[in-house]
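The structure file entry-v3.txt is reproduced below (compact mmCIF, C-alpha atoms and all ligand atoms).
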```txt
# COMPACT_ATOMS: atom_id res chain seq x y z
CA MET A 1 8.06 58.10 15.35
CA THR A 2 9.55 54.86 14.05
CA PRO A 3 11.09 52.47 16.61
CA ALA A 4 14.53 53.55 15.32
CA ALA A 5 13.66 57.25 15.76
CA ARG A 6 12.59 56.55 19.34
CA VAL A 7 15.92 54.86 20.05
CA GLN A 8 17.78 57.82 18.52
CA ALA A 9 15.74 60.26 20.64
CA ALA A 10 16.59 58.25 23.77
CA ILE A 11 20.28 58.37 22.79
CA GLU A 12 20.16 62.15 22.42
CA ILE A 13 18.47 62.51 25.80
CA LEU A 14 21.01 60.17 27.39
CA ASP A 15 23.84 62.30 26.00
CA GLN A 16 22.32 65.28 27.81
CA VAL A 17 21.75 63.32 31.03
CA ILE A 18 25.36 62.11 31.01
CA ALA A 19 26.71 65.63 30.45
CA ALA A 20 24.44 67.04 33.18
CA ALA A 21 25.58 64.36 35.64
CA ARG A 22 29.20 65.26 34.89
CA ASP A 23 28.72 69.04 35.00
CA ASN A 24 26.14 69.27 37.81
CA GLY A 25 23.40 70.21 35.35
CA ALA A 26 19.66 69.60 35.33
CA ALA A 27 17.92 66.40 36.45
CA ALA A 28 16.94 63.76 33.87
CA ASP A 29 13.22 64.53 34.25
CA THR A 30 13.84 68.19 33.45
CA LEU A 31 16.00 67.35 30.45
CA ILE A 32 13.37 64.97 29.07
CA ALA A 33 10.64 67.60 29.48
CA ARG A 34 12.82 70.18 27.68
CA TYR A 35 13.66 67.76 24.88
CA PHE A 36 10.00 67.20 24.06
CA ARG A 37 9.07 70.84 24.50
CA ASP A 38 11.22 71.46 21.42
CA ARG A 39 9.73 68.50 19.53
CA ARG A 40 5.99 68.98 19.52
CA TYR A 41 5.58 66.39 16.76
CA ALA A 42 6.22 63.59 19.26
CA GLY A 43 2.92 62.17 20.51
CA ALA A 44 2.18 60.93 24.05
CA LYS A 45 2.97 57.32 23.13
CA ASP A 46 6.29 58.30 21.59
CA ARG A 47 7.22 60.38 24.62
CA ARG A 48 6.39 57.55 26.98
CA ALA A 49 8.35 55.02 24.92
CA VAL A 50 11.41 57.27 24.63
CA ARG A 51 11.33 58.11 28.32
CA GLU A 52 11.13 54.42 29.22
CA LEU A 53 14.07 53.59 26.96
CA ALA A 54 16.17 56.41 28.43
CA TYR A 55 15.38 55.45 32.03
CA ALA A 56 15.96 51.75 31.38
CA ALA A 57 19.41 52.59 30.03
CA ILE A 58 20.14 54.86 33.02
CA ARG A 59 18.99 52.25 35.56
CA ARG A 60 21.11 49.57 33.92
CA ALA A 61 24.45 51.42 33.84
CA GLY A 62 26.21 51.62 37.20
CA GLU A 63 29.13 53.77 36.06
CA ARG A 64 28.44 56.92 34.07
CA PRO A 65 28.53 55.74 30.41
CA ASP A 66 30.81 57.41 27.86
CA SER A 67 27.88 58.35 25.64
CA GLY A 68 24.17 57.94 25.15
CA ARG A 69 24.90 55.55 22.33
CA ALA A 70 27.07 53.35 24.58
CA ALA A 71 24.30 53.37 27.20
CA MET A 72 21.71 52.33 24.62
CA LEU A 73 23.97 49.64 23.16
CA GLY A 74 24.28 48.34 26.71
CA LEU A 75 20.51 48.19 27.02
CA ALA A 76 20.38 46.36 23.70
CA GLU A 77 22.36 43.54 25.32
CA GLU A 78 19.31 42.95 27.53
CA GLN A 79 16.70 43.87 24.93
CA PRO A 80 18.20 42.39 21.71
CA GLU A 81 15.30 43.68 19.60
CA LEU A 82 16.78 47.16 20.03
CA ARG A 83 19.79 46.18 17.89
CA ALA A 84 17.56 46.22 14.80
CA SER A 85 16.95 49.95 15.34
CA PHE A 86 20.62 50.74 14.68
CA ASP A 87 19.81 50.62 10.98
CA GLY A 88 21.09 53.93 9.65
CA SER A 89 17.56 54.97 8.61
CA ALA A 90 16.72 58.67 8.26
CA HIS A 91 15.90 59.36 11.92
CA GLY A 92 17.47 56.29 13.49
CA PRO A 93 20.97 55.69 14.89
CA PRO A 94 23.81 54.72 12.51
CA PRO A 95 24.68 51.02 12.26
CA VAL A 96 26.84 49.49 14.98
CA ASP A 97 30.56 49.32 14.34
CA ALA A 98 32.19 46.03 15.35
CA ALA A 99 34.69 47.89 17.57
CA GLU A 100 32.02 49.90 19.42
CA LYS A 101 31.77 49.38 23.17
CA ALA A 102 28.51 49.05 25.06
CA ALA A 103 28.26 50.50 28.57
CA PRO A 104 28.62 47.72 31.14
CA ALA A 105 25.72 46.87 33.48
CA GLY A 106 26.18 47.69 37.15
CA ILE A 107 24.67 48.82 40.43
CA ALA A 108 26.55 52.09 40.86
CA PRO A 109 30.10 53.43 40.48
CA GLN A 110 32.49 51.01 42.19
CA TRP A 111 33.50 53.39 45.00
CA LEU A 112 29.83 53.58 46.00
CA VAL A 113 29.18 49.87 45.59
CA ASP A 114 31.94 49.33 48.17
CA ARG A 115 30.11 51.60 50.60
CA LEU A 116 26.77 49.85 50.18
CA SER A 117 27.98 46.39 51.17
CA HIS A 118 26.20 46.60 54.56
CA LEU A 119 22.84 46.50 52.78
CA PRO A 120 20.80 43.54 51.54
CA VAL A 121 20.96 43.13 47.76
CA PRO A 122 17.57 44.72 46.91
CA ASP A 123 18.62 47.92 48.66
CA ARG A 124 22.02 47.94 47.03
CA THR A 125 20.35 47.67 43.64
CA LEU A 126 18.05 50.55 44.45
CA ALA A 127 18.31 52.26 41.08
CA ALA A 128 16.65 49.26 39.42
CA GLY A 129 13.40 49.69 41.35
CA ARG A 130 10.40 51.99 41.03
CA ALA A 131 8.97 54.10 43.83
CA ALA A 132 5.29 54.09 44.76
CA LEU A 133 3.26 57.30 44.77
CA ASP A 134 2.33 58.30 48.32
CA LEU A 135 0.12 61.12 49.52
CA ARG A 136 0.02 62.71 52.95
CA VAL A 137 -3.39 63.78 54.14
CA ASN A 138 -3.37 67.34 55.45
CA ARG A 139 -5.36 67.09 58.69
CA LEU A 140 -6.08 70.82 58.51
CA LYS A 141 -8.30 70.19 55.49
CA ALA A 142 -9.26 66.52 55.15
CA ASP A 143 -9.25 63.13 56.78
CA GLN A 144 -7.76 59.88 55.56
CA ASP A 145 -11.11 58.19 54.82
CA ALA A 146 -12.17 60.96 52.46
CA VAL A 147 -8.87 60.76 50.60
CA LEU A 148 -8.99 56.95 50.39
CA ALA A 149 -12.49 57.21 48.93
CA ALA A 150 -11.33 59.74 46.33
CA TYR A 151 -8.56 57.52 44.93
CA PRO A 152 -9.88 54.08 43.93
CA GLY A 153 -7.52 51.25 44.86
CA SER A 154 -5.51 53.40 47.28
CA ALA A 155 -4.58 52.06 50.71
CA PRO A 156 -3.46 53.49 54.05
CA THR A 157 0.31 53.27 54.53
CA ALA A 158 1.81 51.30 57.39
CA HIS A 159 3.28 53.30 60.29
CA ALA A 160 2.37 56.80 59.05
CA PRO A 161 -1.19 57.64 60.15
CA ASP A 162 -1.78 60.22 57.41
CA GLY A 163 -0.29 58.29 54.49
CA VAL A 164 -2.19 57.02 51.47
CA ARG A 165 -0.47 54.89 48.84
CA LEU A 166 -1.96 55.16 45.37
CA ALA A 167 -2.56 52.07 43.27
CA GLU A 168 -1.17 53.74 40.17
CA ALA A 169 0.51 56.95 39.11
CA VAL A 170 -2.06 59.68 38.47
CA ALA A 171 -1.69 63.34 37.54
CA ILE A 172 -1.91 64.63 41.11
CA ASP A 173 -1.30 68.29 40.31
CA ALA A 174 -4.68 68.61 38.61
CA HIS A 175 -6.67 66.69 41.24
CA PRO A 176 -9.17 68.75 43.28
CA LEU A 177 -7.84 67.36 46.59
CA PHE A 178 -4.36 68.53 45.68
CA LEU A 179 -5.53 71.91 44.44
CA ASP A 180 -7.47 72.62 47.64
CA GLY A 181 -4.56 71.59 49.89
CA SER A 182 -6.15 68.40 51.26
CA VAL A 183 -3.18 66.28 50.18
CA GLU A 184 0.51 66.64 49.46
CA VAL A 185 2.67 64.22 47.51
CA GLN A 186 5.10 62.85 50.09
CA ASP A 187 6.97 59.58 50.23
CA LEU A 188 6.15 57.46 53.27
CA GLY A 189 9.78 57.79 54.40
CA SER A 190 9.51 61.58 54.49
CA GLN A 191 6.25 61.28 56.41
CA LEU A 192 8.00 59.12 59.00
CA VAL A 193 10.79 61.69 59.35
CA ALA A 194 8.18 64.35 60.15
CA LEU A 195 6.47 61.93 62.54
CA ALA A 196 9.80 61.44 64.34
CA CYS A 197 9.54 65.07 65.48
CA GLU A 198 6.48 64.20 67.61
CA ALA A 199 5.23 67.71 66.94
CA THR A 200 2.15 68.70 68.96
CA PRO A 201 0.01 71.86 69.02
CA GLY A 202 1.68 74.87 70.63
CA MET A 203 5.29 73.82 70.07
CA LEU A 204 8.10 75.89 68.66
CA ALA A 205 9.59 73.76 65.87
CA VAL A 206 12.57 74.72 63.73
CA ASP A 207 12.96 73.07 60.35
CA LEU A 208 16.56 74.02 59.69
CA CYS A 209 16.72 72.69 56.12
CA ALA A 210 13.13 73.30 55.12
CA GLY A 211 13.62 73.47 51.34
CA ALA A 212 10.22 73.81 49.70
CA GLY A 213 8.63 72.75 52.97
CA GLY A 214 7.50 69.15 52.52
CA LYS A 215 8.20 68.28 56.15
CA ALA A 216 7.34 71.72 57.56
CA LEU A 217 3.84 71.27 56.13
CA ALA A 218 3.59 67.86 57.77
CA LEU A 219 4.59 69.45 61.09
CA ALA A 220 1.93 72.15 60.70
CA SER A 221 -0.68 69.44 60.12
CA ALA A 222 0.46 67.49 63.20
CA MET A 223 0.42 70.72 65.25
CA ALA A 224 -3.16 71.50 64.17
CA ASN A 225 -1.82 74.84 62.94
CA GLN A 226 -1.10 75.95 66.52
CA GLY A 227 2.32 77.08 67.72
CA ARG A 228 5.18 78.25 65.54
CA ILE A 229 7.32 76.68 62.85
CA LEU A 230 10.46 78.39 61.64
CA GLY A 231 11.39 77.05 58.20
CA CYS A 232 14.96 77.95 57.21
CA ASP A 233 17.09 77.28 54.17
CA THR A 234 20.01 78.78 52.31
CA ASP A 235 18.37 78.23 48.91
CA ARG A 236 16.16 81.18 48.05
CA SER A 237 14.42 79.47 45.17
CA ARG A 238 13.45 76.34 47.15
CA LEU A 239 12.37 78.31 50.19
CA SER A 240 10.24 80.64 48.05
CA ARG A 241 8.06 77.65 47.16
CA LEU A 242 7.18 77.06 50.82
CA SER A 243 4.80 80.00 51.37
CA PRO A 244 2.45 79.28 48.45
CA ARG A 245 2.31 75.63 49.52
CA ALA A 246 1.57 76.66 53.11
CA ALA A 247 -1.21 78.96 51.87
CA ARG A 248 -2.79 76.12 49.91
CA ALA A 249 -2.52 73.85 52.96
CA GLY A 250 -4.06 76.46 55.28
CA ALA A 251 -0.91 76.39 57.43
CA THR A 252 -0.46 79.88 58.86
CA ILE A 253 2.08 79.08 61.59
CA ILE A 254 5.09 78.66 59.29
CA GLU A 255 7.56 81.53 59.03
CA THR A 256 10.43 81.32 56.59
CA MET A 257 13.98 82.54 57.12
CA LEU A 258 16.54 82.66 54.32
CA LEU A 259 19.97 81.90 55.78
CA ASP A 260 23.39 83.00 54.61
CA PRO A 261 25.70 79.99 54.33
CA GLY A 262 28.26 80.30 57.12
CA LYS A 263 26.13 82.78 59.08
CA GLU A 264 23.24 80.51 60.06
CA ALA A 265 23.90 80.59 63.82
CA GLU A 266 23.99 84.41 63.86
CA ALA A 267 20.66 84.64 62.08
CA LEU A 268 19.14 82.16 64.50
CA ALA A 269 20.61 83.69 67.69
CA ALA A 270 17.15 84.70 68.96
CA THR A 271 16.05 81.06 68.88
CA LYS A 272 19.02 79.69 70.86
CA ASP A 273 18.03 77.14 73.55
CA SER A 274 14.33 77.65 72.88
CA ALA A 275 12.97 75.18 70.30
CA ASP A 276 10.94 72.20 71.45
CA VAL A 277 12.11 70.34 68.41
CA VAL A 278 14.64 71.01 65.67
CA LEU A 279 14.47 69.01 62.46
CA ILE A 280 17.65 68.70 60.43
CA ASP A 281 16.63 67.15 57.12
CA ALA A 282 20.16 67.55 55.92
CA PRO A 283 21.53 67.89 52.40
CA CYS A 284 22.96 64.50 51.47
CA SER A 285 24.09 62.17 48.71
CA GLY A 286 20.51 61.14 47.97
CA THR A 287 21.56 57.49 47.68
CA GLY A 288 18.19 56.56 49.18
CA THR A 289 16.32 58.10 46.26
CA TRP A 290 18.01 56.31 43.39
CA ARG A 291 14.70 54.70 42.42
CA ARG A 292 13.44 58.18 41.52
CA ASN A 293 16.73 59.68 40.32
CA PRO A 294 18.85 56.80 39.06
CA GLU A 295 21.26 59.18 37.30
CA ALA A 296 22.18 60.64 40.71
CA ARG A 297 24.60 57.68 41.04
CA TRP A 298 26.67 59.28 38.30
CA ARG A 299 26.73 62.72 39.93
CA LEU A 300 28.22 61.90 43.27
CA THR A 301 32.00 62.02 43.74
CA PRO A 302 34.02 61.13 46.84
CA GLU A 303 34.92 64.83 47.19
CA ARG A 304 31.28 65.90 47.04
CA LEU A 305 30.36 63.27 49.60
CA GLU A 306 33.10 64.55 51.94
CA ARG A 307 31.76 68.10 51.61
CA LEU A 308 28.22 66.91 52.40
CA ILE A 309 29.40 65.02 55.47
CA ALA A 310 31.18 68.15 56.74
CA LEU A 311 28.08 70.28 56.10
CA GLN A 312 25.86 67.76 57.93
CA ALA A 313 28.18 67.87 60.95
CA ARG A 314 28.05 71.67 60.92
CA LEU A 315 24.24 71.68 60.68
CA LEU A 316 24.06 69.32 63.66
CA GLU A 317 26.12 71.84 65.66
CA ILE A 318 23.90 74.74 64.58
CA GLY A 319 20.66 72.84 65.15
CA SER A 320 21.65 71.47 68.55
CA GLU A 321 22.25 75.02 69.83
CA LEU A 322 18.60 75.87 69.15
CA VAL A 323 17.04 73.08 71.22
CA ARG A 324 15.79 73.95 74.70
CA PRO A 325 16.86 71.78 77.64
CA GLY A 326 14.55 68.76 77.56
CA GLY A 327 13.80 69.32 73.86
CA HIS A 328 14.62 67.12 70.88
CA MET A 329 16.55 67.17 67.65
CA VAL A 330 15.63 64.95 64.72
CA TYR A 331 18.31 64.28 62.13
CA ALA A 332 17.48 62.69 58.77
CA VAL A 333 19.16 62.04 55.45
CA CYS A 334 17.70 60.32 52.37
CA SER A 335 20.87 58.28 52.20
CA LEU A 336 21.80 54.70 52.87
CA LEU A 337 25.47 55.47 53.43
CA ARG A 338 26.62 54.85 56.99
CA GLU A 339 28.93 57.89 56.84
CA GLU A 340 25.95 60.22 56.50
CA GLY A 341 23.74 58.39 58.96
CA GLU A 342 24.77 56.33 61.93
CA MET A 343 28.45 57.35 61.80
CA GLN A 344 27.58 61.03 61.54
CA LEU A 345 25.39 60.80 64.63
CA ALA A 346 27.84 58.64 66.55
CA ASP A 347 30.42 61.40 65.97
CA PHE A 348 27.95 64.03 67.21
CA LEU A 349 27.17 62.04 70.35
CA ASN A 350 30.89 61.57 71.01
CA ARG A 351 31.46 65.30 70.78
CA HIS A 352 28.44 66.28 72.93
CA GLN A 353 27.68 65.28 76.48
CA GLY A 354 24.09 65.85 77.48
CA TRP A 355 22.56 64.37 74.32
CA THR A 356 21.13 60.85 74.18
CA PRO A 357 19.31 58.84 71.51
CA ALA A 358 15.55 58.85 72.08
CA PRO A 359 13.10 56.21 70.80
CA LEU A 360 11.32 56.89 67.53
CA PRO A 361 7.52 56.85 67.56
CA PHE A 362 7.20 54.11 64.91
CA ALA A 363 8.41 50.58 64.42
CA ALA A 364 9.46 50.92 60.76
CA GLY A 365 13.07 50.42 59.71
CA THR A 366 15.97 48.54 61.21
CA ALA A 367 18.28 49.68 63.98
CA ALA A 368 21.29 51.65 62.70
CA GLY A 369 23.47 53.00 65.51
CA PRO A 370 21.53 55.69 67.38
CA GLY A 371 18.80 55.78 64.72
CA ARG A 372 16.92 53.66 62.23
CA LEU A 373 17.37 52.92 58.57
CA LEU A 374 14.29 52.88 56.34
CA THR A 375 14.77 51.06 53.06
CA PRO A 376 12.66 50.26 50.01
CA SER A 377 12.93 46.50 50.54
CA ASN A 378 12.10 46.58 54.24
CA ASP A 379 9.70 49.49 54.49
CA GLY A 380 8.54 50.36 50.97
CA THR A 381 9.95 53.86 51.43
CA ASP A 382 12.80 55.80 49.92
CA GLY A 383 16.00 55.05 51.80
CA PHE A 384 16.32 57.22 54.91
CA PHE A 385 18.39 57.33 58.04
CA VAL A 386 16.48 59.00 60.86
CA ALA A 387 17.35 59.54 64.50
CA ARG A 388 15.83 61.43 67.40
CA LEU A 389 18.07 62.81 70.11
CA ALA A 390 17.07 64.25 73.46
CA ARG A 391 18.82 67.16 75.14
CA ALA A 392 19.24 66.79 78.87
C1 LIG A 401 16.97 67.26 51.91
S1 LIG A 401 16.73 68.91 51.48
C2 LIG A 401 15.38 69.40 52.48
C3 LIG A 401 14.03 68.93 52.03
C4 LIG A 401 12.89 69.51 52.81
N1 LIG A 401 13.05 69.41 54.24
C5 LIG A 401 11.56 68.85 52.44
O1 LIG A 401 10.99 68.12 53.22
O2 LIG A 401 11.11 69.07 51.32
C6 LIG A 401 18.06 69.73 52.21
C7 LIG A 401 17.98 71.23 52.18
O3 LIG A 401 19.08 71.75 52.92
C8 LIG A 401 19.35 73.02 52.39
N2 LIG A 401 20.66 73.51 52.90
C9 LIG A 401 21.87 73.33 52.38
N3 LIG A 401 22.79 73.96 53.15
C10 LIG A 401 22.14 74.53 54.18
C11 LIG A 401 22.52 75.34 55.28
N4 LIG A 401 23.80 75.65 55.49
N5 LIG A 401 21.58 75.77 56.14
C12 LIG A 401 20.27 75.44 55.93
N6 LIG A 401 19.84 74.70 54.88
C13 LIG A 401 20.76 74.25 54.02
C14 LIG A 401 19.26 72.80 50.90
O4 LIG A 401 19.09 74.00 50.21
C15 LIG A 401 18.06 71.86 50.80
O5 LIG A 401 16.89 72.56 50.54
```

Kindly present the structure from the file in structure tokens form.
Ligand SMILES: C[S@@+](CC[C@H](N)C(=O)[O-])C[C@H]1O[C@@H](n2cnc3c(N)ncnc32)[C@H](O)[C@@H]1O
Amino acid sequence: MTPAARVQAAIEILDQVIAAARDNGAAADTLIARYFRDRRYAGAKDRRAVRELAYAAIRRAGERPDSGRAAMLGLAEEQPELRASFDGSAHGPPPVDAAEKAAPAGIAPQWLVDRLSHLPVPDRTLAAGRAALDLRVNRLKADQDAVLAAYPGSAPTAHAPDGVRLAEAVAIDAHPLFLDGSVEVQDLGSQLVALACEATPGMLAVDLCAGAGGKALALASAMANQGRILGCDTDRSRLSRLSPRAARAGATIIETMLLDPGKEAEALAATKDSADVVLIDAPCSGTGTWRRNPEARWRLTPERLERLIALQARLLEIGSELVRPGGHMVYAVCSLLREEGEMQLADFLNRHQGWTPAPLPFAAGTAAGPGRLLTPSNDGTDGFFVARLARA
């Protein structure tokens, strides 16, 4: 592909990403993979270059741009050599019209920028950064030393005893240690959320929003595959990915339960007042993961955020009913917004006597109300709010 053809390809991808952000469609990574599946002529170098152009344009634009072309013209303001690609050549973009507008640079849509003002600048500008690749060692199958030895240049992560940070991105899915269940890909922040549960062998743990089971698998490893983990979710497709992952990890103590939205408490009636620990890894805005999904800034609306906050409050009610007296509830969101984190939990504590904040078993993060906030700049993790509450 010529440089101009690469720019045009990035523009076409950006058009799709913008439409998907508006219409709640597929993630940018998925759209890029689909785009190249239909264009086999593009070689690995072309794909990488186009992907980098598209992501650079996404990271740069705070507000959702009007078009892929506007986003790319915006990027050309920072990378002037790109202007030469707007040359009207066969596969390149048409020349620039004097009246054409470039997408402005920014952190995020203004309504979100206003809600991030409590954060230091590097965490506000999250979408500009890149996330590291972290592995979690599955204690049921391997130990940290063996994994460190298998990945040259890797290092143990701070705070999380089973974490390994890789020196560079590698194709994990094909690695023997991944295939045999010795490691899982898991951001250090997610590992710390699982650690906050202080799960030990023999416990009954409920993972109320288990999804594809990233944290449930970490709990099974911490519990030495002894006890019982109930992994619940309302999303059939996500939850269906848990069992094969558990099989690979050798975790036999995880049961899954598909919940009907609105009928969660009924389905979980048999577990009322009996769990040693309930993890609520709640659905959220994902503002803490903008390094990985920078286009997520364009998806969120104030209405969607309100709905998420209401759902989180409801899940806290449902989850708290399952905890036995003397047990714990861990609440986490991969969000840096106070409304989803410290304010959400302050509201819960105001509504419920008999619950108190409990210390977290790690020193990472900074104090945020009854919990702690993990951030990329402070902790090298995705952004997370995590809190541990004790039931009297
Ligand atoms: C942040 S994700 C969980 C990620 C997962 N714990 C992991 O570690 O991979 C939040 C999950 O909450 C689920 N969810 C949404 N509404 C729910 C509900 N009413 N009850 C239970 N789970 C729900 C979503 O389907 C999603 O999988």

Neighbours of ligand LIG 401 (chain A) within 9 Å, counting all atoms listed in the file, as a ChimeraX atom specification? /A:186,190-191,193-194,207-218,231-239,242,258-264,279-284,286,308,311-312,314-315,318,332-334

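Considering the residues A:Arg48, A:Arg351, A:Arg372, A:Arg130 and counting only C-alpha atoms, Ala196 of chain A has its shortest atom-to-atom contact with A:Arg372.
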
Between atom CA of His91 of chain A and atom CA of Tyr35 of chain A, what is the distance, to one decimal in Å? 15.6 Å

Among A:Val50, A:Ala28, A:Ala392, A:Ala128, Ala9 of chain A is approached most closely, using only C-alpha atoms, by A:Val50

Distance table requested - segment 237-354 of chain A against segment 52-56 of chain A, cut-off 12 Å, all atoms listed in the file: one row per qualifying residue with the closest atom pair and its distance in Å to one decimal, ordered by chain and rising residue number, as CSV.
```
residue,atom,partner,partner_atom,distance
A:Trp290,CA,A:Tyr55,CA,11.7
A:Arg291,CA,A:Tyr55,CA,10.4
A:Arg292,CA,A:Tyr55,CA,10.1
A:Asn293,CA,A:Tyr55,CA,9.4
A:Pro294,CA,A:Tyr55,CA,8.0
A:Glu295,CA,A:Tyr55,CA,8.7
```

Just want the 12 Å neighbourhood of Gln16 of chain A, counted on all atoms listed in the file, with same-chain residues fewer than 6 positions away dropped. Output as a CSV table (one decimal) with C-alpha atoms, keeping the file's coordinate frame.
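That gives us out_39.csv:
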```csv
chain,number,residue,atom,x,y,z
A,9,ALA,CA,15.7,60.3,20.6
A,10,ALA,CA,16.6,58.2,23.8
A,22,ARG,CA,29.2,65.3,34.9
A,23,ASP,CA,28.7,69.0,35.0
A,24,ASN,CA,26.1,69.3,37.8
A,25,GLY,CA,23.4,70.2,35.4
A,26,ALA,CA,19.7,69.6,35.3
A,27,ALA,CA,17.9,66.4,36.4
A,28,ALA,CA,16.9,63.8,33.9
A,29,ASP,CA,13.2,64.5,34.2
A,30,THR,CA,13.8,68.2,33.4
A,31,LEU,CA,16.0,67.4,30.4
A,32,ILE,CA,13.4,65.0,29.1
A,34,ARG,CA,12.8,70.2,27.7
A,35,TYR,CA,13.7,67.8,24.9
A,54,ALA,CA,16.2,56.4,28.4
A,58,ILE,CA,20.1,54.9,33.0
A,65,PRO,CA,28.5,55.7,30.4
A,66,ASP,CA,30.8,57.4,27.9
A,67,SER,CA,27.9,58.4,25.6
A,68,GLY,CA,24.2,57.9,25.2
A,69,ARG,CA,24.9,55.6,22.3
A,295,GLU,CA,21.3,59.2,37.3
```

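The interatomic distance for the pair atom CA of Glu255 of chain A and atom CA of Asn138 of chain A works out to 18.3 Å.
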
Can you pull out the residues contacting Val170 of chain A? Cut-off 12 Å, using only C-alpha atoms, and skip same-chain residues under 3 positions away; I want them as a PyMOL selection string. chain A and resi 132-135+151-154+165-167+173-175+178+185

All residues 9 Å or closer to segment 222-225 of chain A, only C-alpha atoms, same chain fewer than 5 positions away omitted, as a list in words: Asn138, Arg139, Leu140, Ala194, Leu195, Glu198, Ala199, Thr200, Pro201, Gly202, Met203, Leu217, Gly250, Ala251, Thr252, Ile253 and Ile254 of chain A

Using only C-alpha atoms, which protein or nucleic acid residues come within 9 Å of Pro359 of chain A? Drop anything in the same chain fewer than 4 positions from it, and give the result as a short mmCIF file (atom, residue, chain, number, x, y, z; two decimals) with C-alpha atoms, in the frame of the given file.
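Output below, filename out-v1.cif:
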```
data_model
loop_
_atom_site.label_atom_id
_atom_site.label_comp_id
_atom_site.auth_asym_id
_atom_site.auth_seq_id
_atom_site.Cartn_x
_atom_site.Cartn_y
_atom_site.Cartn_z
CA ALA A 196 9.80 61.44 64.34
CA GLY A 371 18.80 55.78 64.72
CA ALA A 387 17.35 59.54 64.50
CA ARG A 388 15.83 61.43 67.40
CA LEU A 389 18.07 62.81 70.11
#
```

Tell me, in Å to one decimal, how far atom CA of Gly189 of chain A is from atom CA of Gly354 of chain A.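 Between these atoms lies a distance of 28.3 Å.
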
Residue with smallest distance to Asp382 of chain A - pool A:Ala103, A:Ala70, A:Val323, A:Ala127, counting all atoms listed in the file: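 That would be A:Ala127, the residue with the smallest distance to Asp382 of chain A.
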
Counting all atoms listed in the file, the option among A:Ala155, A:Val206, A:Ala220, A:Ala160 closest to Lys141 of chain A: A:Ala220

I need the residue nearest Tyr331 of chain A from this list: A:Val386, A:Glu303, A:Asp273, A:Gln344. Use only C-alpha atoms for the distance. A:Val386

Using all atoms listed in the file, which of A:Thr381, A:Ser221, A:Ser335, A:Thr256 sits nearest Ser240 of chain A? A:Thr256

When you look at Val121 of chain A with a cut-off of 12 Å (counting all atoms listed in the file), what residues show up, excluding the ones that are within fewer than 6 positions of it in the same chain? I need them as an MDAnalysis selection string. chainID A and resid 107 113 127:129 375:378

Please dump the current selection as a PDB file, keeping the file's coordinate frame; keep C-alpha atoms.
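Once everything was written out, this is part21.pdb:
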```
ATOM      1  CA  ILE A 107      24.670  48.820  40.430  1.00  0.00           C
ATOM      2  CA  VAL A 113      29.180  49.870  45.590  1.00  0.00           C
ATOM      3  CA  ALA A 127      18.310  52.260  41.080  1.00  0.00           C
ATOM      4  CA  ALA A 128      16.650  49.260  39.420  1.00  0.00           C
ATOM      5  CA  GLY A 129      13.400  49.690  41.350  1.00  0.00           C
ATOM      6  CA  THR A 375      14.770  51.060  53.060  1.00  0.00           C
ATOM      7  CA  PRO A 376      12.660  50.260  50.010  1.00  0.00           C
ATOM      8  CA  SER A 377      12.930  46.500  50.540  1.00  0.00           C
ATOM      9  CA  ASN A 378      12.100  46.580  54.240  1.00  0.00           C
TER      10      ASN A 378
END
```

Extending 6 Å beyond the listed atoms of segment 9-27 of chain A on each side, what axis-aligned box results? I want centre and edge lengths in Å to one decimal, as JSON.
```
{"center_x": 22.5, "center_y": 64.2, "center_z": 29.2, "size_x": 25.5, "size_y": 24.0, "size_z": 29.2}
```

Because some atoms of segment 305-313 of chain A are absent here, can you restore N, CA and C atoms and send them as a PDB file, in the coordinates of the input?
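Writing done, so here's part01.pdb:
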```
ATOM      1  N   LEU A 305      30.867  63.955  48.411  1.00  0.00           N
ATOM      2  CA  LEU A 305      30.360  63.270  49.600  1.00  0.00           C
ATOM      3  C   LEU A 305      31.051  63.809  50.861  1.00  0.00           C
ATOM      4  N   GLU A 306      32.371  64.006  50.782  1.00  0.00           N
ATOM      5  CA  GLU A 306      33.100  64.550  51.940  1.00  0.00           C
ATOM      6  C   GLU A 306      32.548  65.919  52.331  1.00  0.00           C
ATOM      7  N   ARG A 307      32.279  66.744  51.324  1.00  0.00           N
ATOM      8  CA  ARG A 307      31.760  68.100  51.610  1.00  0.00           C
ATOM      9  C   ARG A 307      30.387  68.009  52.270  1.00  0.00           C
ATOM     10  N   LEU A 308      29.559  67.071  51.804  1.00  0.00           N
ATOM     11  CA  LEU A 308      28.220  66.910  52.400  1.00  0.00           C
ATOM     12  C   LEU A 308      28.318  66.451  53.849  1.00  0.00           C
ATOM     13  N   ILE A 309      29.241  65.532  54.098  1.00  0.00           N
ATOM     14  CA  ILE A 309      29.400  65.020  55.470  1.00  0.00           C
ATOM     15  C   ILE A 309      29.830  66.157  56.404  1.00  0.00           C
ATOM     16  N   ALA A 310      30.729  67.009  55.918  1.00  0.00           N
ATOM     17  CA  ALA A 310      31.180  68.150  56.740  1.00  0.00           C
ATOM     18  C   ALA A 310      30.027  69.124  56.973  1.00  0.00           C
ATOM     19  N   LEU A 311      29.222  69.360  55.954  1.00  0.00           N
ATOM     20  CA  LEU A 311      28.080  70.280  56.100  1.00  0.00           C
ATOM     21  C   LEU A 311      27.056  69.702  57.092  1.00  0.00           C
ATOM     22  N   GLN A 312      26.806  68.400  56.992  1.00  0.00           N
ATOM     23  CA  GLN A 312      25.860  67.760  57.930  1.00  0.00           C
ATOM     24  C   GLN A 312      26.334  67.931  59.367  1.00  0.00           C
ATOM     25  N   ALA A 313      27.637  67.740  59.585  1.00  0.00           N
ATOM     26  CA  ALA A 313      28.180  67.870  60.950  1.00  0.00           C
ATOM     27  C   ALA A 313      27.986  69.304  61.440  1.00  0.00           C
TER      28      ALA A 313
END
```
